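Shown here: data.cif, mmCIF, C-alpha atoms.
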```
data_structure
loop_
_atom_site.label_atom_id
_atom_site.label_comp_id
_atom_site.auth_asym_id
_atom_site.auth_seq_id
_atom_site.Cartn_x
_atom_site.Cartn_y
_atom_site.Cartn_z
CA MET A 1219 -17.89 -35.91 49.12
CA GLU A 1220 -15.27 -33.28 48.25
CA THR A 1221 -16.35 -30.75 45.63
CA PRO A 1222 -14.10 -31.01 42.56
CA LYS A 1223 -11.85 -27.99 41.97
CA VAL A 1224 -13.10 -25.85 39.10
CA ILE A 1225 -10.29 -24.49 36.92
CA LYS A 1226 -11.21 -21.28 35.15
CA PRO A 1227 -10.20 -20.84 31.49
CA LEU A 1228 -6.83 -19.20 30.91
CA LYS A 1229 -5.97 -16.51 28.38
CA ILE A 1230 -2.23 -16.01 27.96
CA LEU A 1231 -0.74 -13.15 25.94
CA PHE A 1232 2.94 -13.62 25.12
CA VAL A 1233 4.89 -10.50 24.13
CA ILE A 1234 8.26 -10.89 22.39
CA ASN A 1235 10.50 -8.66 20.28
CA TRP A 1236 10.22 -10.75 17.10
CA LEU A 1237 10.55 -14.29 15.80
CA LYS A 1238 14.12 -14.19 14.55
CA LYS A 1239 16.12 -17.40 14.99
CA GLY A 1240 16.92 -17.79 18.66
CA GLY A 1241 16.31 -19.91 21.74
CA ALA A 1242 13.82 -17.54 23.40
CA GLU A 1243 11.82 -17.18 20.19
CA ARG A 1244 11.70 -20.92 19.68
CA ILE A 1245 10.62 -21.70 23.25
CA VAL A 1246 7.77 -19.16 22.97
CA LEU A 1247 6.51 -20.93 19.84
CA GLU A 1248 6.90 -24.40 21.35
CA ILE A 1249 5.09 -23.34 24.54
CA SER A 1250 2.32 -21.70 22.53
CA LYS A 1251 1.78 -24.77 20.36
CA CYS A 1252 1.60 -26.97 23.43
CA LEU A 1253 -0.65 -24.68 25.49
CA SER A 1254 -3.00 -24.03 22.56
CA LYS A 1255 -3.88 -27.74 22.53
CA ARG A 1256 -4.85 -27.73 26.20
CA GLU A 1257 -8.52 -27.50 27.07
CA GLY A 1258 -9.52 -24.10 28.42
CA VAL A 1259 -6.30 -22.33 27.39
CA LYS A 1260 -6.11 -19.62 24.74
CA VAL A 1261 -2.81 -18.14 23.59
CA LEU A 1262 -1.97 -14.99 21.63
CA ILE A 1263 1.57 -14.00 20.62
CA VAL A 1264 2.20 -10.29 20.04
CA LEU A 1265 5.34 -9.23 18.17
CA ILE A 1266 6.89 -5.80 18.66
CA HIS A 1267 8.60 -6.15 15.27
CA PRO A 1268 7.13 -8.20 12.39
CA GLU A 1269 10.22 -10.34 11.57
CA ASN A 1270 9.42 -14.07 11.50
CA GLU A 1271 12.12 -16.62 10.63
CA TYR A 1272 10.04 -19.51 12.01
CA LYS A 1273 7.37 -19.74 9.31
CA LEU A 1274 6.95 -23.51 9.69
CA LEU A 1275 6.99 -23.66 13.49
CA SER A 1276 4.68 -20.64 13.85
CA ASN A 1277 2.15 -21.95 11.33
CA GLY A 1278 -1.32 -22.21 12.87
CA LEU A 1279 -0.56 -20.08 15.92
CA ASN A 1280 -2.46 -16.91 16.83
CA ILE A 1281 0.16 -14.22 16.16
CA LYS A 1282 -0.35 -10.47 15.76
CA ASN A 1283 2.04 -7.65 14.97
CA SER A 1284 1.74 -4.87 17.53
CA GLU A 1285 2.27 -2.02 15.05
CA SER A 1286 3.24 -0.03 18.14
CA LEU A 1287 6.41 1.28 19.71
CA VAL A 1288 7.94 2.40 22.98
CA ILE A 1289 11.39 4.02 22.86
CA PRO A 1290 12.27 5.50 26.26
CA SER A 1291 14.98 8.14 26.34
CA PHE A 1292 16.82 9.79 29.20
CA PHE A 1293 18.24 12.49 26.94
CA ARG A 1294 15.20 13.44 24.87
CA LYS A 1295 11.46 12.90 24.71
CA SER A 1296 10.43 9.24 24.71
CA LYS A 1297 8.65 7.93 21.62
CA VAL A 1298 5.44 6.10 22.46
CA ASN A 1299 2.60 4.86 20.27
CA LEU A 1300 0.70 2.02 21.89
CA THR A 1301 -2.76 2.53 20.41
CA ASN A 1302 -2.84 -0.71 18.42
CA PHE A 1303 -1.28 -2.78 21.21
CA ILE A 1304 -3.84 -1.47 23.70
CA ASN A 1305 -6.62 -2.42 21.29
CA ILE A 1306 -5.16 -5.93 20.90
CA VAL A 1307 -5.00 -6.40 24.67
CA ASN A 1308 -8.53 -5.10 25.22
CA ASP A 1309 -9.91 -7.35 22.48
CA PHE A 1310 -8.15 -10.47 23.79
CA ASN A 1311 -8.67 -9.61 27.48
CA PRO A 1312 -5.79 -11.77 28.81
CA ASP A 1313 -5.51 -13.15 32.32
CA ILE A 1314 -1.73 -13.00 32.07
CA ILE A 1315 0.73 -10.95 30.02
CA HIS A 1316 3.93 -12.98 29.83
CA SER A 1317 6.89 -11.09 28.33
CA HIS A 1318 10.05 -12.50 26.75
CA LEU A 1319 13.35 -10.67 26.06
CA PHE A 1320 14.16 -7.25 27.45
CA GLU A 1321 12.60 -4.96 24.84
CA SER A 1322 9.21 -6.49 25.59
CA GLU A 1323 9.50 -5.49 29.26
CA ILE A 1324 9.10 -1.73 28.92
CA PHE A 1325 6.87 -2.18 25.88
CA SER A 1326 4.34 -4.36 27.73
CA ARG A 1327 4.51 -2.48 31.06
CA TRP A 1328 4.29 1.11 29.79
CA GLU A 1329 0.49 0.95 29.87
CA LEU A 1330 -0.74 -1.37 32.63
CA PHE A 1331 -4.02 -3.28 32.63
CA PRO A 1332 -5.28 -3.51 36.23
CA LYS A 1333 -7.04 -6.89 35.98
CA THR A 1334 -4.10 -8.60 34.27
CA LEU A 1335 -1.25 -10.50 35.93
CA TYR A 1336 2.28 -9.88 34.67
CA VAL A 1337 5.14 -12.36 34.27
CA THR A 1338 8.68 -11.56 33.11
CA HIS A 1339 10.48 -14.53 31.54
CA CYS A 1340 14.20 -13.93 32.06
CA HIS A 1341 16.02 -15.84 29.34
CA GLY A 1342 19.32 -14.45 30.58
CA ASN A 1343 20.94 -11.86 32.83
CA TYR A 1344 19.61 -8.55 31.54
CA THR A 1345 22.26 -5.85 31.90
CA GLN A 1346 19.52 -3.27 32.46
CA PHE A 1347 18.67 -4.99 35.76
CA LYS A 1348 22.12 -4.42 37.26
CA LYS A 1349 22.46 -2.28 40.37
CA PHE A 1350 23.74 1.28 40.24
CA SER A 1351 27.49 1.86 40.12
CA LEU A 1352 29.50 5.06 39.68
CA SER A 1353 30.47 4.01 36.14
CA VAL A 1354 26.84 4.65 35.14
CA LEU A 1355 27.45 8.40 35.42
CA PHE A 1356 30.22 8.35 32.81
CA ASN A 1357 28.73 6.06 30.18
CA ARG A 1358 25.77 7.04 28.02
CA THR A 1359 24.67 3.43 27.43
CA LEU A 1360 24.88 2.54 31.13
CA LEU A 1361 22.96 5.69 32.02
CA THR A 1362 20.21 4.75 29.56
CA ASN A 1363 20.15 1.22 31.01
CA TYR A 1364 19.75 2.60 34.53
CA TYR A 1365 16.99 4.93 33.40
CA GLU A 1366 15.15 1.96 31.89
CA ARG A 1367 15.70 0.06 35.14
CA PHE A 1368 14.19 2.94 37.11
CA ILE A 1369 11.09 3.05 34.87
CA LEU A 1370 10.65 -0.71 34.85
CA PHE A 1371 11.02 -1.28 38.57
CA LYS A 1372 8.39 1.38 39.22
CA LYS A 1373 6.05 -0.41 36.79
CA TYR A 1374 6.88 -3.81 38.29
CA ARG A 1375 5.77 -2.56 41.69
CA GLU A 1376 2.55 -1.16 40.28
CA CYS A 1377 1.59 -4.45 38.60
CA ASN A 1378 2.93 -6.81 41.30
CA ASN A 1379 5.23 -8.38 38.72
CA HIS A 1380 6.39 -12.00 38.85
CA PHE A 1381 9.60 -13.40 37.35
CA ILE A 1382 10.66 -16.68 35.79
CA ALA A 1383 14.37 -17.58 35.73
CA VAL A 1384 15.49 -20.20 33.19
CA SER A 1385 18.61 -21.27 35.09
CA ASN A 1386 20.18 -21.17 38.53
CA ASP A 1387 22.68 -18.65 37.18
CA THR A 1388 19.87 -16.28 36.19
CA LEU A 1389 18.06 -16.94 39.48
CA SER A 1390 21.21 -15.91 41.36
CA PHE A 1391 21.56 -12.81 39.16
CA LEU A 1392 17.96 -11.74 39.88
CA ASN A 1393 18.30 -12.31 43.62
CA LYS A 1394 21.42 -10.15 43.57
CA ASN A 1395 20.05 -7.29 41.46
CA LEU A 1396 16.30 -7.08 42.08
CA PRO A 1397 15.15 -5.16 45.16
CA LYS A 1398 13.79 -7.45 47.89
CA ASP A 1399 10.20 -6.33 47.34
CA LEU A 1400 10.37 -7.44 43.69
CA GLN A 1401 11.85 -10.88 44.32
CA GLN A 1402 8.85 -12.97 43.32
CA ILE A 1403 10.94 -15.39 41.28
CA ASN A 1404 10.23 -18.91 40.07
CA LEU A 1405 12.94 -21.19 38.65
CA HIS A 1406 11.46 -22.72 35.51
CA PRO A 1407 14.09 -24.22 33.16
CA ASN A 1408 13.33 -24.15 29.45
CA ALA A 1409 12.12 -27.21 27.57
CA ILE A 1410 12.15 -28.92 24.19
CA ASP A 1411 9.78 -30.99 22.11
CA PHE A 1412 11.57 -34.16 23.17
CA TYR A 1413 9.85 -36.53 20.75
CA LYS A 1414 10.53 -34.25 17.81
CA PHE A 1415 14.27 -34.54 18.40
CA ASN A 1416 14.24 -38.14 19.59
CA GLN A 1417 11.90 -39.80 17.08
CA ASN A 1418 14.63 -40.57 14.54
CA ASN A 1419 17.30 -41.26 17.13
CA VAL A 1420 19.65 -43.95 15.86
CA ASN A 1421 22.24 -43.62 18.59
CA GLN A 1422 22.47 -47.40 19.04
CA ASP A 1423 23.96 -47.64 15.53
CA ARG A 1424 26.44 -44.80 15.92
CA ASN A 1425 30.09 -45.70 16.16
CA PRO A 1426 32.45 -42.78 15.49
CA GLN A 1427 35.33 -45.25 15.07
CA LYS A 1428 33.85 -46.57 11.81
CA ARG A 1429 33.62 -43.30 9.89
CA PRO A 1430 34.62 -39.61 10.07
CA VAL A 1431 33.62 -38.15 13.42
CA LYS A 1432 30.74 -35.79 12.71
CA LEU A 1433 30.61 -32.80 15.05
CA ILE A 1434 27.76 -30.31 15.01
CA THR A 1435 27.16 -26.91 16.62
CA VAL A 1436 24.20 -24.54 16.42
CA GLY A 1437 24.14 -20.82 17.25
CA SER A 1438 24.37 -17.29 15.93
CA LEU A 1439 27.74 -16.42 14.42
CA ILE A 1440 28.51 -13.72 16.97
CA LYS A 1441 31.43 -13.02 19.32
CA LYS A 1442 30.05 -14.64 22.47
CA LYS A 1443 29.23 -17.89 20.65
CA ASN A 1444 32.97 -18.20 20.00
CA GLN A 1445 32.85 -20.66 17.06
CA ILE A 1446 36.42 -19.67 16.16
CA PHE A 1447 37.45 -21.76 19.19
CA LEU A 1448 36.03 -24.86 17.49
CA ILE A 1449 38.20 -24.26 14.43
CA ASN A 1450 41.23 -24.64 16.71
CA VAL A 1451 39.72 -27.80 18.21
CA VAL A 1452 39.22 -29.39 14.78
CA ASP A 1453 42.76 -28.43 13.79
CA ILE A 1454 44.11 -30.20 16.89
CA LEU A 1455 42.04 -33.33 16.21
CA ILE A 1456 43.23 -33.57 12.61
CA LYS A 1457 46.87 -33.11 13.63
CA LYS A 1458 46.37 -36.00 16.05
CA GLY A 1459 45.22 -38.19 13.18
CA PHE A 1460 41.44 -38.08 13.56
CA ASP A 1461 39.12 -37.79 10.57
CA VAL A 1462 36.69 -35.02 11.59
CA ILE A 1463 33.85 -33.03 10.04
CA LEU A 1464 32.30 -30.03 11.81
CA ASP A 1465 29.01 -28.53 10.63
CA ILE A 1466 28.32 -25.02 11.98
CA PHE A 1467 24.67 -23.92 11.78
CA GLY A 1468 23.74 -20.26 12.18
CA VAL A 1469 24.17 -16.82 10.68
CA GLY A 1470 25.72 -13.62 11.97
CA GLU A 1471 28.37 -10.94 11.78
CA LYS A 1472 31.31 -13.32 12.34
CA LYS A 1473 30.68 -15.41 9.22
CA GLU A 1474 33.42 -13.72 7.16
CA LEU A 1475 35.95 -14.06 9.99
CA LEU A 1476 35.15 -17.76 10.35
CA GLU A 1477 35.50 -18.29 6.60
CA LYS A 1478 38.95 -16.66 6.70
CA GLU A 1479 40.08 -18.81 9.65
CA ILE A 1480 38.85 -21.99 7.97
CA LYS A 1481 40.75 -21.08 4.81
CA LYS A 1482 43.88 -20.01 6.73
CA ASN A 1483 44.01 -23.35 8.54
CA LYS A 1484 43.25 -25.28 5.32
CA LEU A 1485 40.15 -26.86 6.85
CA GLY A 1486 37.76 -26.27 3.96
CA GLU A 1487 37.16 -30.02 3.62
CA ASN A 1488 36.50 -30.43 7.34
CA ILE A 1489 34.48 -27.42 8.52
CA PHE A 1490 31.29 -26.24 6.83
CA LEU A 1491 29.17 -23.13 7.50
CA LYS A 1492 25.63 -24.36 6.90
CA GLY A 1493 23.59 -21.21 7.60
CA LEU A 1494 20.00 -21.57 8.83
CA VAL A 1495 17.81 -24.65 8.46
CA GLU A 1496 14.20 -25.21 9.50
CA ASN A 1497 14.50 -28.82 10.69
CA ILE A 1498 17.75 -28.96 12.65
CA GLU A 1499 16.73 -32.33 14.15
CA ASP A 1500 17.65 -34.05 10.87
CA ASN A 1501 21.19 -32.76 11.24
CA TYR A 1502 21.49 -33.86 14.87
CA ASN A 1503 20.51 -37.37 13.82
CA SER A 1504 23.28 -37.56 11.22
CA SER A 1505 25.95 -36.37 13.69
CA ASP A 1506 27.97 -38.02 16.46
CA ILE A 1507 28.86 -35.35 19.03
CA TYR A 1508 27.43 -31.91 19.78
CA VAL A 1509 30.06 -29.23 20.53
CA HIS A 1510 29.30 -25.82 22.03
CA SER A 1511 31.85 -23.05 22.48
CA SER A 1512 29.70 -20.21 23.84
CA LEU A 1513 31.40 -18.04 26.47
CA SER A 1514 28.04 -16.98 27.91
CA GLU A 1515 24.86 -19.03 27.81
CA SER A 1516 21.49 -18.16 29.34
CA PHE A 1517 20.39 -21.80 29.34
CA GLY A 1518 21.52 -23.93 26.39
CA LEU A 1519 18.40 -25.22 24.66
CA VAL A 1520 20.36 -26.60 21.70
CA MET A 1521 22.33 -28.87 24.02
CA LEU A 1522 19.12 -30.46 25.29
CA GLU A 1523 17.95 -30.93 21.70
CA ALA A 1524 21.21 -32.67 20.85
CA ASN A 1525 20.93 -34.84 23.97
CA ALA A 1526 17.41 -35.87 22.92
CA ALA A 1527 18.85 -37.01 19.59
CA GLY A 1528 21.36 -39.15 21.47
CA LEU A 1529 24.38 -36.88 21.08
CA PRO A 1530 26.89 -36.51 23.91
CA VAL A 1531 27.74 -32.83 24.46
CA VAL A 1532 31.18 -31.29 24.85
CA CYS A 1533 30.97 -27.60 25.79
CA LEU A 1534 32.62 -24.67 27.49
CA ASP A 1535 31.28 -23.26 30.75
CA GLY A 1536 28.71 -20.62 29.79
CA LYS A 1537 27.29 -20.48 33.36
CA GLY A 1538 23.64 -20.82 32.32
CA ASN A 1539 24.33 -24.27 30.86
CA ARG A 1540 25.71 -25.66 34.14
CA ASP A 1541 22.23 -26.95 35.00
CA ILE A 1542 22.00 -29.19 31.95
CA ILE A 1543 25.45 -30.77 31.64
CA LYS A 1544 26.14 -33.48 34.20
CA GLU A 1545 29.84 -34.17 33.97
CA GLY A 1546 30.56 -37.58 32.48
CA TYR A 1547 26.86 -38.45 32.38
CA ASN A 1548 25.35 -36.67 29.36
CA GLY A 1549 28.49 -34.86 28.28
CA TYR A 1550 31.50 -32.85 29.40
CA MET A 1551 31.96 -29.21 30.38
CA ILE A 1552 35.42 -27.70 29.95
CA LYS A 1553 36.00 -25.01 32.59
CA LYS A 1554 38.99 -23.44 30.82
CA THR A 1555 38.88 -22.00 27.30
CA GLU A 1556 41.56 -24.43 26.22
CA PRO A 1557 41.13 -26.19 22.84
CA VAL A 1558 43.49 -29.06 23.77
CA LEU A 1559 41.35 -30.00 26.79
CA PHE A 1560 38.24 -29.73 24.64
CA ALA A 1561 39.74 -31.94 21.93
CA ASP A 1562 40.82 -34.50 24.54
CA LYS A 1563 37.19 -35.04 25.64
CA ILE A 1564 36.13 -35.62 22.04
CA ILE A 1565 38.98 -38.13 21.65
CA GLN A 1566 37.86 -39.84 24.87
CA LEU A 1567 34.36 -40.34 23.43
CA VAL A 1568 35.59 -41.42 20.02
CA SER A 1569 38.12 -43.89 21.41
CA SER A 1570 35.66 -45.82 23.57
CA PRO A 1571 32.46 -47.09 21.89
CA GLU A 1572 31.20 -48.33 25.27
CA LEU A 1573 31.66 -44.91 26.89
CA TYR A 1574 30.08 -43.22 23.88
CA GLN A 1575 27.01 -45.49 23.97
CA ASN A 1576 26.58 -45.04 27.74
CA ILE A 1577 26.71 -41.25 27.55
CA SER A 1578 24.46 -41.27 24.49
CA ALA A 1579 21.83 -43.32 26.35
CA ASN A 1580 22.16 -41.09 29.42
CA ALA A 1581 21.74 -38.01 27.23
CA VAL A 1582 18.40 -39.26 25.91
CA LYS A 1583 17.20 -40.10 29.42
CA PHE A 1584 18.28 -36.71 30.75
CA ALA A 1585 16.64 -34.73 27.93
CA SER A 1586 13.34 -36.60 28.37
CA GLY A 1587 12.92 -34.81 31.71
CA TYR A 1588 12.78 -31.47 29.87
CA ASP A 1589 9.92 -32.35 27.52
CA ILE A 1590 7.62 -29.48 26.56
CA GLN A 1591 4.53 -31.36 27.79
CA LEU A 1592 5.94 -31.55 31.32
CA TYR A 1593 6.91 -27.89 31.02
CA ALA A 1594 3.37 -26.92 29.99
CA ASP A 1595 1.92 -28.79 32.98
CA LYS A 1596 4.16 -26.84 35.35
CA LEU A 1597 3.49 -23.54 33.59
CA ILE A 1598 -0.30 -23.94 33.75
CA GLU A 1599 -0.04 -24.83 37.45
CA TYR A 1600 2.14 -21.74 37.95
CA TYR A 1601 -0.40 -19.51 36.17
CA HIS A 1602 -3.29 -20.87 38.24
CA ASN A 1603 -1.33 -20.39 41.47
CA LEU A 1604 -0.68 -16.76 40.50
CA ARG A 1605 -4.39 -16.21 40.05
CA LEU A 1606 -5.10 -17.74 43.45
CA ILE A 1607 -2.67 -15.47 45.32
CA ASN A 1608 -3.47 -12.23 43.47
#
```
Let me see the file written as structure tokens.
Amino acid sequence: METPKVIKPLKILFVINWLKKGGAERIVLEISKCLSKREGVKVLIVLIHPENEYKLLSNGLNIKNSESLVIPSFFRKSKVNLTNFINIVNDFNPDIIHSHLFESEIFSRWELFPKTLYVTHCHGNYTQFKKFSLSVLFNRTLLTNYYERFILFKKYRECNNHFIAVSNDTLSFLNKNLPKDLQQINLHPNAIDFYKFNQNNVNQDRNPQKRPVKLITVGSLIKKKNQIFLINVVDILIKKGFDVILDIFGVGEKKELLEKEIKKNKLGENIFLKGLVENIEDNYNSSDIYVHSSLSESFGLVMLEANAAGLPVVCLDGKGNRDIIKEGYNGYMIKKTEPVLFADKIIQLVSSPELYQNISANAVKFASGYDIQLYADKLIEYYHNLRLIN
């Protein structure tokens, strides 16, 4: 009789900059909640900075503020105070230190713990990872980036670092920019709490022809998210005779500019800046179509959330979101930054209830494959495999 495989307990220490509103921050919390419920798994989240805008989602999780800092400098002496972080690590004694977002890379690798495995979770294409070019010599920021790259790659070699890419775009970026001896990369797309976003799904009752078309978008109000593009889209739809409402959720530096554009185009009764909300799923469920105008996207978690709620997605090509939009199946991706083409896809959905219902049903089916429980299963298997080969 074959002896059953004994799985040793796992202690995972996640390191992340902070818990401000963002996709990486949310996935860390969702993963932690899921893993913490698994037998034999203990999770600790360490924040470099104490900001927490996810009070509800983070409730009940084991979270500590590092009260430490690492500020490397090429031009002057680096600032380092890791005493408290070192104490936290020694007290928890993790099997794996799993870092998220770039600042956590140097922070968590500056002082290495020999018996610990290290995983870098690449939520996007970190500019600091880019190969050397002559322009580095003439730009202070690029020079600092390259200095950080030099430090990090040395540390990565010392700790036999492993990498997770969240999309094929990021996987390609890492294969292009990481030295061959550091290319221990696993493609592990992000995930959502599918049932949280699907539980109130009423997509079978939606019919955009019967009422104003409700569009929704979620993201920081910053340049790359490009919400100003959606103002043009709404303007086109209204001029073509469609009754449209767009709710924009998020905060950021472009809020004032967006307010001015909304006012200039006399769209104050059609476009609303909603700020931040804790339970965005309620807003998905009261909408018809999810629209996303980001020019650069590391993955596109919000699009999966919207799909889970039964919303077809119409988006621009942000590269990282290519993995999660299947053209004509769960939504549409517009390759050109052209508001008329974007508006035409919305009109196509609105004008055909049968098409809308088909894509809505497909969206739910597609998103179910990215459930956080499935993700946790794969992540635990990945962790155990790392321990076997190291």
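The shell of residues at most 8 Å from Tyr1502 of chain A, with all atoms listed in the file counted and near chain neighbours (fewer than 4 positions) removed, consists of Ile1434, Ile1498, Asp1506, Tyr1508, Ala1524, Ala1527 and Leu1529 of chain A.
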Counting all atoms listed in the file, which residues in segment 1388-1448 of chain A sit no more than 12 Å from segment 1547-1565 of chain A? For each one, give the nearest pair of atoms and the distance in Å, sorted by chain then residue number, as a Markdown table.
```
| residue | atom | partner | partner_atom | distance |
| --- | --- | --- | --- | --- |
| A:Pro1426 | CA | A:Ile1565 | CA | 10.1 |
| A:Gln1427 | CA | A:Ile1565 | CA | 10.4 |
| A:Val1431 | CA | A:Ile1564 | CA | 9.3 |
| A:Lys1432 | CA | A:Ile1564 | CA | 10.8 |
| A:Leu1433 | CA | A:Ile1564 | CA | 9.3 |
| A:Asn1444 | CA | A:Thr1555 | CA | 10.1 |
| A:Gln1445 | CA | A:Pro1557 | CA | 11.5 |
| A:Ile1446 | CA | A:Pro1557 | CA | 10.5 |
| A:Phe1447 | CA | A:Pro1557 | CA | 6.8 |
| A:Leu1448 | CA | A:Pro1557 | CA | 7.5 |
```
Handout entry: Which residue of A:Val1233, A:Ile1507, A:Leu1464, A:Ile1369 approaches Val1307 of chain A most closely, using all atoms listed in the file
Key =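 Closest to Val1307 of chain A of all the choices is A:Val1233.
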Exercise for the section: Taking the file as shown, find all residues satisfying the PyMOL selection byres ((chain A and resi 1591-1602) around 9) and write them as a ChimeraX atom specification. Expected result: /A:1225-1226,1228,1249,1252-1253,1259,1314,1404,1406-1412,1587-1590,1603-1607
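Reported to one decimal place, the separation of atom CA of Leu1405 of chain A from atom CA of Leu1389 of chain A is 6.7 Å.
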Handout entry: Shortest interatomic distance to Gly1486 of chain A - which of A:Ser1570, A:Gly1468, A:Ile1463, A:Lys1394, counting only C-alpha atoms
Key =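 Going through A:Ser1570, A:Gly1468, A:Ile1463, A:Lys1394 one by one, the smallest distance to Gly1486 of chain A is for A:Ile1463.
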Handout entry: All residues 10 Å or closer to Glu1329 of chain A, all atoms listed in the file, same chain fewer than 3 positions away omitted, as a ChimeraX atom specification
Key = /A:1300,1303-1304,1324-1326,1332,1373
Handout entry: Shell around Lys1273 of chain A at 12 Å using only C-alpha atoms, local window under 6 positions removed, as a list in words
Key =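 So, after excluding close chain neighbours, the residues are Leu1237, Lys1238, Lys1239, Arg1244, Leu1247, Leu1279, Ile1281, Val1495, Glu1496 and Asn1497 of chain A.
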Exercise for the section: Write out as a PyMOL selection string each polymer residue whose atoms come within 6 Å of Lys1442 of chain A, counting all atoms listed in the file; drop sequence neighbours fewer than 2 positions from it. Expected result: chain A and resi 1440+1444+1512-1513
